[in-house]
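Chemist: entry_19.txt is reproduced below (compact mmCIF, C-alpha atoms and all ligand atoms).
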# COMPACT_ATOMS: atom_id res chain seq x y z
CA MET A 1188 178.65 96.12 203.23
CA GLY A 1189 181.73 94.85 205.08
CA THR A 1190 183.15 91.52 206.09
CA ILE A 1191 181.51 89.79 209.06
CA LEU A 1192 183.69 86.68 209.32
CA THR A 1193 187.36 86.20 208.53
CA VAL A 1194 189.03 82.81 208.80
CA ASP A 1195 192.78 83.30 208.61
CA HIS A 1196 195.17 80.48 207.86
CA LEU A 1197 193.52 77.89 210.08
CA ASP A 1198 195.46 74.71 210.87
CA LYS A 1199 193.97 71.82 212.80
CA SER A 1200 195.15 68.29 213.55
CA PHE A 1201 193.45 65.44 215.36
CA GLY A 1202 196.34 63.47 216.79
CA ALA A 1203 198.84 62.88 214.00
CA LYS A 1204 196.32 63.65 211.27
CA GLN A 1205 196.24 67.21 209.97
CA VAL A 1206 192.69 67.92 208.74
CA LEU A 1207 192.85 71.69 208.05
CA HIS A 1208 195.75 73.19 206.13
CA GLY A 1209 195.92 76.99 206.17
CA VAL A 1210 192.20 77.55 205.57
CA ASP A 1211 191.60 81.15 204.51
CA PHE A 1212 188.27 82.74 203.60
CA PHE A 1213 185.83 85.48 204.51
CA VAL A 1214 182.07 86.00 204.57
CA GLU A 1215 180.59 89.32 203.57
CA GLU A 1216 177.61 90.87 205.32
CA GLY A 1217 174.31 89.87 203.73
CA HIS A 1218 175.87 87.01 201.77
CA ILE A 1219 174.95 83.33 201.84
CA VAL A 1220 178.16 81.34 201.49
CA ALA A 1221 178.06 77.61 200.69
CA LEU A 1222 180.82 75.42 202.08
CA VAL A 1223 181.03 72.24 200.00
CA GLY A 1224 183.48 69.36 199.91
CA PRO A 1225 183.66 65.57 199.93
CA ASN A 1226 182.99 63.55 203.12
CA GLY A 1227 185.79 64.13 205.59
CA ALA A 1228 187.10 67.28 203.83
CA GLY A 1229 186.88 69.27 207.07
CA LYS A 1230 183.65 71.29 206.78
CA SER A 1231 182.29 70.51 210.27
CA THR A 1232 185.75 71.02 211.76
CA ILE A 1233 185.88 74.55 210.29
CA MET A 1234 182.41 75.33 211.62
CA LYS A 1235 183.24 74.04 215.10
CA ALA A 1236 186.43 76.14 215.13
CA ILE A 1237 184.45 79.25 214.12
CA LEU A 1238 182.13 78.60 217.06
CA GLY A 1239 185.04 78.22 219.48
CA LEU A 1240 184.06 74.60 220.17
CA ILE A 1241 187.45 73.07 219.37
CA PRO A 1242 191.00 74.38 219.78
CA VAL A 1243 193.01 75.04 216.62
CA ASP A 1244 196.76 74.66 216.09
CA GLY A 1245 197.37 77.81 214.08
CA GLY A 1246 195.65 80.77 212.46
CA GLY A 1247 192.71 82.77 213.72
CA ILE A 1248 189.01 83.56 213.47
CA ASP A 1249 187.58 87.03 213.57
CA ILE A 1250 183.92 88.01 213.77
CA LYS A 1251 183.31 91.72 213.26
CA GLY A 1252 186.76 92.62 214.54
CA GLN A 1253 186.64 90.34 217.61
CA PRO A 1254 188.70 87.14 217.84
CA VAL A 1255 187.05 83.80 218.55
CA SER A 1256 188.82 80.89 220.18
CA ILE A 1257 188.06 78.11 222.63
CA THR A 1258 188.53 80.64 225.45
CA SER A 1259 187.14 83.75 223.75
CA HIS A 1260 183.41 83.63 222.98
CA GLN A 1261 182.34 87.26 223.24
CA ALA A 1262 181.95 87.64 219.46
CA LEU A 1263 179.53 84.71 219.36
CA ARG A 1264 176.74 86.75 220.97
CA ASN A 1265 175.55 87.66 217.50
CA VAL A 1266 175.99 84.21 215.98
CA GLY A 1267 173.39 81.44 215.60
CA ALA A 1268 174.34 77.88 214.71
CA LEU A 1269 173.15 74.38 214.02
CA ILE A 1270 176.02 71.88 213.91
CA GLU A 1271 175.50 68.19 213.20
CA TYR A 1272 172.36 67.16 215.14
CA PRO A 1273 169.91 69.59 216.71
CA GLY A 1274 170.18 69.51 220.53
CA ILE A 1275 166.64 68.73 221.67
CA TYR A 1276 165.17 68.38 225.17
CA PRO A 1277 162.71 65.52 224.59
CA PHE A 1278 160.25 66.37 227.38
CA LEU A 1279 159.95 70.08 226.58
CA SER A 1280 157.74 71.37 223.79
CA GLY A 1281 159.33 73.11 220.82
CA ARG A 1282 158.00 76.42 222.06
CA GLN A 1283 159.53 75.93 225.53
CA GLN A 1284 162.91 75.16 223.93
CA LEU A 1285 162.78 78.28 221.80
CA GLN A 1286 161.91 80.30 224.90
CA LEU A 1287 164.93 78.77 226.61
CA PHE A 1288 167.24 79.82 223.77
CA ALA A 1289 165.70 83.26 223.21
CA ASN A 1290 167.34 86.35 224.67
CA GLN A 1291 165.21 88.43 227.01
CA HIS A 1292 164.97 91.31 224.55
CA ASN A 1293 161.77 90.90 222.46
CA LYS A 1294 161.64 87.28 223.60
CA GLN A 1295 157.96 86.54 222.97
CA THR A 1296 157.85 88.32 219.62
CA ASN A 1297 161.00 86.61 218.39
CA VAL A 1298 159.71 83.17 219.40
CA ASP A 1299 156.30 83.73 217.77
CA THR A 1300 157.91 85.14 214.61
CA ILE A 1301 160.26 82.22 214.07
CA ILE A 1302 157.51 79.64 214.75
CA LYS A 1303 155.42 81.30 212.06
CA ALA A 1304 158.32 81.74 209.63
CA MET A 1305 159.29 78.07 209.95
CA GLY A 1306 155.67 76.84 209.69
CA MET A 1307 155.86 74.99 213.03
CA GLY A 1308 152.57 76.20 214.56
CA LYS A 1309 150.72 72.87 214.36
CA TYR A 1310 153.11 70.90 216.54
CA ILE A 1311 155.15 73.47 218.46
CA ASP A 1312 153.28 72.86 221.75
CA ARG A 1313 153.77 69.07 221.66
CA PRO A 1314 156.73 67.49 223.49
CA ALA A 1315 159.72 67.37 221.13
CA LYS A 1316 160.18 63.64 221.69
CA SER A 1317 157.12 63.12 219.45
CA TYR A 1318 158.66 65.10 216.56
CA SER A 1319 159.71 63.54 213.26
CA LEU A 1320 163.31 63.95 212.01
CA GLY A 1321 162.29 66.93 209.85
CA MET A 1322 160.37 68.61 212.71
CA LYS A 1323 163.42 68.29 214.99
CA GLN A 1324 165.62 69.70 212.25
CA LYS A 1325 163.30 72.68 211.82
CA LEU A 1326 163.37 73.27 215.58
CA GLY A 1327 167.19 73.23 215.48
CA ILE A 1328 167.18 75.81 212.68
CA ALA A 1329 164.62 77.91 214.56
CA GLN A 1330 166.89 77.87 217.63
CA ALA A 1331 169.75 79.13 215.46
CA LEU A 1332 167.62 81.98 214.11
CA VAL A 1333 165.44 83.00 217.06
CA ASN A 1334 167.68 85.83 218.30
CA ASN A 1335 168.07 87.44 214.86
CA PRO A 1336 171.84 86.82 214.78
CA GLN A 1337 174.05 88.71 212.33
CA LEU A 1338 175.90 85.54 211.34
CA VAL A 1339 174.38 82.05 211.07
CA ILE A 1340 176.37 78.84 210.72
CA LEU A 1341 174.34 75.85 209.48
CA ASP A 1342 175.80 72.37 208.98
CA GLU A 1343 173.60 70.33 206.61
CA PRO A 1344 170.41 72.29 207.44
CA MET A 1345 168.33 70.52 204.76
CA ASN A 1346 168.77 67.11 206.48
CA GLY A 1347 165.41 65.40 206.77
CA LEU A 1348 163.38 68.31 205.36
CA ASP A 1349 160.67 67.58 202.78
CA PRO A 1350 160.74 69.50 199.45
CA GLN A 1351 158.23 72.12 200.62
CA ALA A 1352 160.21 72.69 203.84
CA VAL A 1353 163.44 73.02 201.81
CA LYS A 1354 161.83 75.68 199.62
CA ASP A 1355 160.35 77.51 202.64
CA LEU A 1356 163.77 77.49 204.32
CA ARG A 1357 165.41 78.85 201.17
CA ASP A 1358 162.86 81.70 200.97
CA LEU A 1359 163.35 82.49 204.66
CA LEU A 1360 167.17 82.54 204.49
CA ARG A 1361 167.18 84.62 201.28
CA ASN A 1362 164.81 87.08 202.92
CA LEU A 1363 167.02 87.34 206.03
CA ALA A 1364 170.11 87.78 203.84
CA SER A 1365 168.42 90.60 201.93
CA HIS A 1366 168.08 92.35 205.31
CA GLY A 1367 171.79 91.89 206.09
CA THR A 1368 172.09 88.49 207.84
CA SER A 1369 175.13 86.46 206.73
CA PHE A 1370 175.20 82.69 206.40
CA LEU A 1371 177.82 79.97 206.15
CA ILE A 1372 176.05 76.77 205.10
CA SER A 1373 177.43 73.33 204.40
CA SER A 1374 175.45 70.80 202.40
CA HIS A 1375 175.88 67.96 199.95
CA ILE A 1376 172.70 68.99 198.12
CA LEU A 1377 174.43 71.04 195.45
CA SER A 1378 171.25 71.68 193.44
CA GLU A 1379 169.74 73.39 196.51
CA LEU A 1380 172.88 75.44 197.25
CA GLU A 1381 172.79 76.57 193.65
CA LYS A 1382 169.44 78.24 194.31
CA LEU A 1383 170.38 79.53 197.75
CA ALA A 1384 173.99 80.72 197.90
CA ASP A 1385 175.74 83.84 196.59
CA ASP A 1386 179.28 82.50 197.03
CA VAL A 1387 180.83 79.05 197.14
CA LEU A 1388 183.86 77.68 198.98
CA ILE A 1389 185.07 74.30 197.76
CA LEU A 1390 187.07 72.43 200.36
CA ASN A 1391 189.18 69.39 199.51
CA HIS A 1392 191.56 67.61 201.92
CA GLY A 1393 191.29 70.48 204.39
CA GLN A 1394 192.21 73.16 201.86
CA ILE A 1395 190.04 75.73 200.12
CA VAL A 1396 190.51 74.92 196.43
CA LYS A 1397 188.04 77.50 195.15
CA HIS A 1398 186.29 80.62 196.48
CA ALA A 1399 184.04 82.18 193.87
CA THR A 1400 180.60 83.59 193.28
CA MET A 1401 178.01 80.97 192.39
CA LYS A 1402 177.54 82.51 188.94
CA ALA A 1403 181.27 82.42 188.14
CA LEU A 1404 181.58 78.85 189.35
CA GLU A 1405 178.63 77.59 187.33
CA ALA A 1406 180.05 79.20 184.22
CA ALA A 1407 183.44 77.57 184.90
CA GLY A 1408 181.83 74.14 185.23
CA GLY A 1409 182.23 73.41 181.52
CA ILE A 1410 180.04 71.02 179.59
CA THR A 1411 179.40 67.66 181.20
CA TYR A 1412 177.71 64.57 179.74
CA LYS A 1413 175.90 61.90 181.70
CA ILE A 1414 176.34 58.45 180.13
CA ALA A 1415 174.24 55.52 181.40
CA VAL A 1416 175.88 52.17 180.66
CA ASP A 1417 175.14 48.51 181.35
CA ASN A 1418 178.47 47.72 183.04
CA LEU A 1419 179.85 50.48 185.25
CA ASP A 1420 183.11 48.74 186.24
CA GLN A 1421 183.99 47.93 182.66
CA ALA A 1422 183.11 51.48 181.62
CA LYS A 1423 185.33 52.98 184.35
CA ALA A 1424 188.25 50.81 183.26
CA ALA A 1425 187.80 51.75 179.59
CA LEU A 1426 187.57 55.48 180.32
CA THR A 1427 190.58 55.39 182.66
CA MET A 1428 192.59 53.72 179.85
CA ALA A 1429 191.37 56.39 177.42
CA LYS A 1430 192.40 59.12 179.93
CA SER A 1431 188.88 60.61 179.96
CA LYS A 1432 188.07 62.97 182.83
CA PHE A 1433 185.03 61.45 184.54
CA SER A 1434 183.23 60.81 187.76
CA VAL A 1435 180.48 58.40 188.81
CA VAL A 1436 177.25 60.00 189.95
CA ASP A 1437 173.97 58.12 190.58
CA ASP A 1438 175.35 54.94 188.98
CA ALA A 1439 176.10 56.74 185.71
CA ILE A 1440 179.30 58.06 184.18
CA THR A 1441 179.63 61.85 184.16
CA LEU A 1442 182.18 63.12 181.65
CA LEU A 1443 183.60 66.35 183.02
CA ASP A 1444 184.64 69.60 181.44
CA THR A 1445 184.45 68.07 177.97
CA ALA A 1446 186.52 69.71 175.22
CA PRO A 1447 185.50 69.20 171.56
CA GLY A 1448 186.23 65.64 170.46
CA GLU A 1449 186.42 64.23 173.98
CA LEU A 1450 182.85 62.92 173.95
CA ASN A 1451 183.62 61.03 170.73
CA ALA A 1452 186.82 59.61 172.21
CA ALA A 1453 185.02 58.46 175.36
CA LEU A 1454 182.13 56.85 173.44
CA TYR A 1455 184.62 55.15 171.13
CA ALA A 1456 186.50 53.74 174.15
CA LEU A 1457 183.26 52.44 175.67
CA VAL A 1458 182.03 50.81 172.45
CA ASN A 1459 185.47 49.28 171.84
CA ALA A 1460 185.41 47.77 175.34
CA GLY A 1461 182.05 46.16 174.61
CA VAL A 1462 180.12 48.41 177.04
CA ALA A 1463 176.48 48.96 176.03
CA ILE A 1464 175.55 52.67 176.15
CA ASN A 1465 171.95 53.21 177.23
CA THR A 1466 171.67 57.02 177.13
CA VAL A 1467 173.89 60.08 176.66
CA ALA A 1468 172.61 63.42 177.99
CA GLN A 1469 174.30 66.82 177.94
CA GLN A 1470 174.15 68.58 181.31
CA ALA A 1471 173.75 72.32 181.77
CA HIS A 1472 176.62 74.25 183.34
CA ASP A 1473 176.08 73.70 187.04
CA LEU A 1474 177.66 73.60 190.47
CA GLU A 1475 177.83 69.81 190.44
CA GLY A 1476 179.94 69.89 187.25
CA ALA A 1477 182.28 72.51 188.72
CA PHE A 1478 182.53 70.61 192.01
CA LEU A 1479 183.24 67.26 190.40
CA ALA A 1480 185.80 68.75 188.04
CA MET A 1481 187.70 70.10 191.06
CA VAL A 1482 187.52 67.09 193.34
CA HIS A 1483 187.10 64.23 190.83
CA ASP A 1484 190.48 62.69 191.64
CA ASP A 1485 189.27 62.12 195.14
CA GLN A 1486 186.40 59.71 195.07
CA LYS A 1487 187.56 57.78 198.10
CA GLU A 1488 186.19 58.77 201.49
CA GLU A 1489 188.79 59.97 203.96
CA ALA A 1490 189.43 57.88 207.04
N1 LIG A 1501 187.07 64.53 217.16
C1 LIG A 1501 187.78 64.00 216.15
N2 LIG A 1501 188.80 63.15 216.39
C2 LIG A 1501 189.54 62.63 215.39
N3 LIG A 1501 189.33 62.90 214.08
C3 LIG A 1501 188.32 63.72 213.78
C4 LIG A 1501 187.50 64.32 214.79
N4 LIG A 1501 186.58 65.11 214.17
C5 LIG A 1501 186.82 65.01 212.85
N5 LIG A 1501 187.86 64.18 212.60
C6 LIG A 1501 188.43 63.87 211.28
O1 LIG A 1501 188.66 65.10 210.62
C7 LIG A 1501 188.37 64.97 209.21
C8 LIG A 1501 187.37 66.04 208.83
O2 LIG A 1501 186.11 65.74 209.44
P1 LIG A 1501 184.86 66.69 209.28
O3 LIG A 1501 183.75 66.11 210.13
O4 LIG A 1501 185.26 68.09 209.52
O5 LIG A 1501 184.52 66.50 207.72
P2 LIG A 1501 183.25 67.00 206.89
O6 LIG A 1501 183.80 67.70 205.68
O7 LIG A 1501 182.31 67.76 207.75
O8 LIG A 1501 182.63 65.59 206.44
P3 LIG A 1501 181.12 65.14 206.12
O9 LIG A 1501 180.76 65.70 204.78
O10 LIG A 1501 181.24 63.64 206.05
O11 LIG A 1501 180.24 65.59 207.24
C9 LIG A 1501 187.91 63.53 209.00
O12 LIG A 1501 189.02 62.77 208.57
C10 LIG A 1501 187.46 63.10 210.39
O13 LIG A 1501 187.62 61.70 210.55
For the file at hand, write its structure as structure tokens.
Ligand SMILES: Nc1ncnc2c1ncn2[C@@H]1O[C@H](COP(=O)(O)OP(=O)(O)OP(=O)(O)O)[C@@H](O)[C@H]1O
Modeler:
Amino acid sequence: MGTILTVDHLDKSFGAKQVLHGVDFFVEEGHIVALVGPNGAGKSTIMKAILGLIPVDGGGIDIKGQPVSITSHQALRNVGALIEYPGIYPFLSGRQQLQLFANQHNKQTNVDTIIKAMGMGKYIDRPAKSYSLGMKQKLGIAQALVNNPQLVILDEPMNGLDPQAVKDLRDLLRNLASHGTSFLISSHILSELEKLADDVLILNHGQIVKHATMKALEAAGGITYKIAVDNLDQAKAALTMAKSKFSVVDDAITLLDTAPGELNAALYALVNAGVAINTVAQQAHDLEGAFLAMVHDDQKEEA
């Protein structure tokens, strides 16, 4: 299979602030590619540029050999997308909205198929203004998929979905990918992306810092330890002094990429500083470990 999307050296500034710096990557046909990065890294900006929604300052986007820009949308005929919040007409039913978005070709079949695939049958004929957050989100995803696009761009698709809906969505996307559909998906739910994606792009400060297969990235994550302590601030100060590589996740210390002896050194530093250690747990190699190891210097949110 070939490449469906090529993003070539994309630069983008908002006013004086440059948010994308020479972003380069590609998406292969039939692959699910996860785009991950801290808040403000530039994920939505990349997706909007791919959809020709915002002008860029340099570089280019190519979908199946056709360029995309703010004035050139031809290549987007075969692209479905959900960016930020689903656009919903409150007084139309979900079914009417899907009919509005569906191309003429096989319209009824495509609408019925996606309603069934997304499990929306029970409420699809009610006005969308009565939908819950998760129902609206599902409708937004259904709109992105209804025309069987070759490439699908989804920004935080799992927002508001319950665990069963997340699993159903994963099964649906994996099934579509096995038939050749390509996906670029951003999410902060790394554990879900781990189950869903073939490839991962890690974005930090508007630059791709890693493009790898999920398997390779998980293996590169190294061993991490989660340490629960009674005083987080004191623990952070002690570990910074001891030059331990760590991050804070869910109010616990995560020691990253730990070489032999480093766990001992970190525990010693904590005990010496008078920090009470509640639990220490070794984590499996995972995407979260790899992600944190690559962006751990950057805990602060960008303005
Ligand atoms: N229209 C805009 N005008 C000015 N600055 C913007 C605009 N859109 C985005 N930015 C800035 O560009 C940077 C990247 O934003 P973007 O929304 O792409 O990040 P993100 O990685 O999607 O973040 P998040 O994970 O929080 O959704 C941020 O610093 C943001 O403030």
Chemist: May I have the residues within 12 Å of A:Thr1190 as a PyMOL selection string, using all atoms listed in the file and disregarding those fewer than 2 positions away in the same chain?
Modeler: chain A and resi 1188+1192-1194+1212-1218+1249-1252+1337-1338+1367-1370
Chemist: Using all atoms listed in the file, which protein or nucleic acid residues are at most 9 Å from ligand LIG 1501 (chain A), as a ChimeraX atom specification?
Modeler: /A:1199-1202,1204-1207,1223-1235,1241,1271,1342-1343,1373-1375,1390-1393,1488-1490
Chemist: Go ahead and compute the interatomic distance for atom CA of A:Leu1377 and atom CA of A:Tyr1272, in Å to one decimal.
Modeler: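 Here the two named atoms are 20.2 Å from each other.
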Chemist: Can you measure atom CA of A:Ile1395 to atom CA of A:Leu1359 for me? One decimal in Å is fine.
Modeler: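 Going from atom CA of A:Ile1395 over to atom CA of A:Leu1359 covers 27.9 Å.
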Chemist: Which neighbours of stretch 1441-1455 of chain A fall inside 9 Å, counting all atoms listed in the file, when residues of the same chain fewer than 3 positions from it are skipped, and could you give them as a list in words?
Modeler: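 My reading of the contact set: Ala1407, Gly1408, Gly1409, Ile1410, Thr1411, Tyr1412, Lys1413, Ile1414, Ala1415, Ala1425, Leu1426, Ala1429, Lys1430, Ser1431, Lys1432, Phe1433, Ser1434, Val1435, Val1436, Val1458, Asn1459, Ala1460, Ile1464, Gly1476, Ala1477, Leu1479, Ala1480 and His1483 of chain A.
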Chemist: Grab the residues selected above and save them as a PDB file, in the coordinates of the input with C-alpha atoms.
Modeler:
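Writing the result to again_0.pdb gives the following:
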ATOM      1  CA  ALA A1407     183.440  77.570 184.900  1.00  0.00           C
ATOM      2  CA  GLY A1408     181.830  74.140 185.230  1.00  0.00           C
ATOM      3  CA  GLY A1409     182.230  73.410 181.520  1.00  0.00           C
ATOM      4  CA  ILE A1410     180.040  71.020 179.590  1.00  0.00           C
ATOM      5  CA  THR A1411     179.400  67.660 181.200  1.00  0.00           C
ATOM      6  CA  TYR A1412     177.710  64.570 179.740  1.00  0.00           C
ATOM      7  CA  LYS A1413     175.900  61.900 181.700  1.00  0.00           C
ATOM      8  CA  ILE A1414     176.340  58.450 180.130  1.00  0.00           C
ATOM      9  CA  ALA A1415     174.240  55.520 181.400  1.00  0.00           C
ATOM     10  CA  ALA A1425     187.800  51.750 179.590  1.00  0.00           C
ATOM     11  CA  LEU A1426     187.570  55.480 180.320  1.00  0.00           C
ATOM     12  CA  ALA A1429     191.370  56.390 177.420  1.00  0.00           C
ATOM     13  CA  LYS A1430     192.400  59.120 179.930  1.00  0.00           C
ATOM     14  CA  SER A1431     188.880  60.610 179.960  1.00  0.00           C
ATOM     15  CA  LYS A1432     188.070  62.970 182.830  1.00  0.00           C
ATOM     16  CA  PHE A1433     185.030  61.450 184.540  1.00  0.00           C
ATOM     17  CA  SER A1434     183.230  60.810 187.760  1.00  0.00           C
ATOM     18  CA  VAL A1435     180.480  58.400 188.810  1.00  0.00           C
ATOM     19  CA  VAL A1436     177.250  60.000 189.950  1.00  0.00           C
ATOM     20  CA  VAL A1458     182.030  50.810 172.450  1.00  0.00           C
ATOM     21  CA  ASN A1459     185.470  49.280 171.840  1.00  0.00           C
ATOM     22  CA  ALA A1460     185.410  47.770 175.340  1.00  0.00           C
ATOM     23  CA  ILE A1464     175.550  52.670 176.150  1.00  0.00           C
ATOM     24  CA  GLY A1476     179.940  69.890 187.250  1.00  0.00           C
ATOM     25  CA  ALA A1477     182.280  72.510 188.720  1.00  0.00           C
ATOM     26  CA  LEU A1479     183.240  67.260 190.400  1.00  0.00           C
ATOM     27  CA  ALA A1480     185.800  68.750 188.040  1.00  0.00           C
ATOM     28  CA  HIS A1483     187.100  64.230 190.830  1.00  0.00           C
TER      29      HIS A1483
END
Chemist: Work out how far apart atom CA of A:Ile1248 and atom CA of A:Ala1364 are and give it in Å to one decimal.
Modeler: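 Atom-to-atom, atom CA of A:Ile1248 to atom CA of A:Ala1364, that is 21.6 Å.
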Chemist: List the residues sitting within 12 Å of (164.6, 85.2, 217.5) in the file's frame, using all atoms listed in the file, as a PDB file with C-alpha atoms, in the frame of the given file.
Modeler:
ATOM      1  CA  ASN A1265     175.550  87.660 217.500  1.00  0.00           C
ATOM      2  CA  VAL A1266     175.990  84.210 215.980  1.00  0.00           C
ATOM      3  CA  GLY A1267     173.390  81.440 215.600  1.00  0.00           C
ATOM      4  CA  ARG A1282     158.000  76.420 222.060  1.00  0.00           C
ATOM      5  CA  LEU A1285     162.780  78.280 221.800  1.00  0.00           C
ATOM      6  CA  GLN A1286     161.910  80.300 224.900  1.00  0.00           C
ATOM      7  CA  LEU A1287     164.930  78.770 226.610  1.00  0.00           C
ATOM      8  CA  PHE A1288     167.240  79.820 223.770  1.00  0.00           C
ATOM      9  CA  ALA A1289     165.700  83.260 223.210  1.00  0.00           C
ATOM     10  CA  ASN A1290     167.340  86.350 224.670  1.00  0.00           C
ATOM     11  CA  GLN A1291     165.210  88.430 227.010  1.00  0.00           C
ATOM     12  CA  HIS A1292     164.970  91.310 224.550  1.00  0.00           C
ATOM     13  CA  ASN A1293     161.770  90.900 222.460  1.00  0.00           C
ATOM     14  CA  LYS A1294     161.640  87.280 223.600  1.00  0.00           C
ATOM     15  CA  GLN A1295     157.960  86.540 222.970  1.00  0.00           C
ATOM     16  CA  THR A1296     157.850  88.320 219.620  1.00  0.00           C
ATOM     17  CA  ASN A1297     161.000  86.610 218.390  1.00  0.00           C
ATOM     18  CA  VAL A1298     159.710  83.170 219.400  1.00  0.00           C
ATOM     19  CA  ASP A1299     156.300  83.730 217.770  1.00  0.00           C
ATOM     20  CA  THR A1300     157.910  85.140 214.610  1.00  0.00           C
ATOM     21  CA  ILE A1301     160.260  82.220 214.070  1.00  0.00           C
ATOM     22  CA  ILE A1302     157.510  79.640 214.750  1.00  0.00           C
ATOM     23  CA  LYS A1303     155.420  81.300 212.060  1.00  0.00           C
ATOM     24  CA  ALA A1304     158.320  81.740 209.630  1.00  0.00           C
ATOM     25  CA  MET A1305     159.290  78.070 209.950  1.00  0.00           C
ATOM     26  CA  ILE A1328     167.180  75.810 212.680  1.00  0.00           C
ATOM     27  CA  ALA A1329     164.620  77.910 214.560  1.00  0.00           C
ATOM     28  CA  GLN A1330     166.890  77.870 217.630  1.00  0.00           C
ATOM     29  CA  ALA A1331     169.750  79.130 215.460  1.00  0.00           C
ATOM     30  CA  LEU A1332     167.620  81.980 214.110  1.00  0.00           C
ATOM     31  CA  VAL A1333     165.440  83.000 217.060  1.00  0.00           C
ATOM     32  CA  ASN A1334     167.680  85.830 218.300  1.00  0.00           C
ATOM     33  CA  ASN A1335     168.070  87.440 214.860  1.00  0.00           C
ATOM     34  CA  PRO A1336     171.840  86.820 214.780  1.00  0.00           C
ATOM     35  CA  GLN A1337     174.050  88.710 212.330  1.00  0.00           C
ATOM     36  CA  LEU A1363     167.020  87.340 206.030  1.00  0.00           C
TER      37      LEU A1363
END
Chemist: Of the candidates A:Ala1424, A:Leu1419, A:Leu1222, A:Leu1238, which shows the shortest atom-to-atom distance to A:Met1401, using only C-alpha atoms?
Modeler: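 Of all the options, A:Leu1222 lies closest to A:Met1401.
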Chemist: For A:Leu1341, please output as number ranges by chain all residues within 6 Å (counting all atoms listed in the file; exclusion window: fewer than 6 positions along the same chain).
Modeler: A: 1268-1269, 1372
Chemist: From the list A:Val1243, A:Ile1191, A:Val1482, A:Met1345, which residue is nearest A:Ser1378 when using all atoms listed in the file?
Modeler: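 Closest to A:Ser1378, using all atoms listed in the file: A:Met1345.
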Chemist: Pick out the closest residue to A:Thr1258 from this set: A:Ile1275, A:Val1220, A:Gly1239, A:Lys1323. Count all atoms listed in the file.
Modeler: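 Under the stated criterion, the closest residue is A:Gly1239.
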Chemist: Box along x, y and z, 6 Å on every side, all listed atoms of stretch 1318-1323 of chain A inside: centre and edge lengths in Å to one decimal, as lines of an AutoDock Vina configuration file.
Modeler:
center_x = 161.0
center_y = 66.1
center_z = 213.2
size_x = 16.8
size_y = 17.1
size_z = 18.7
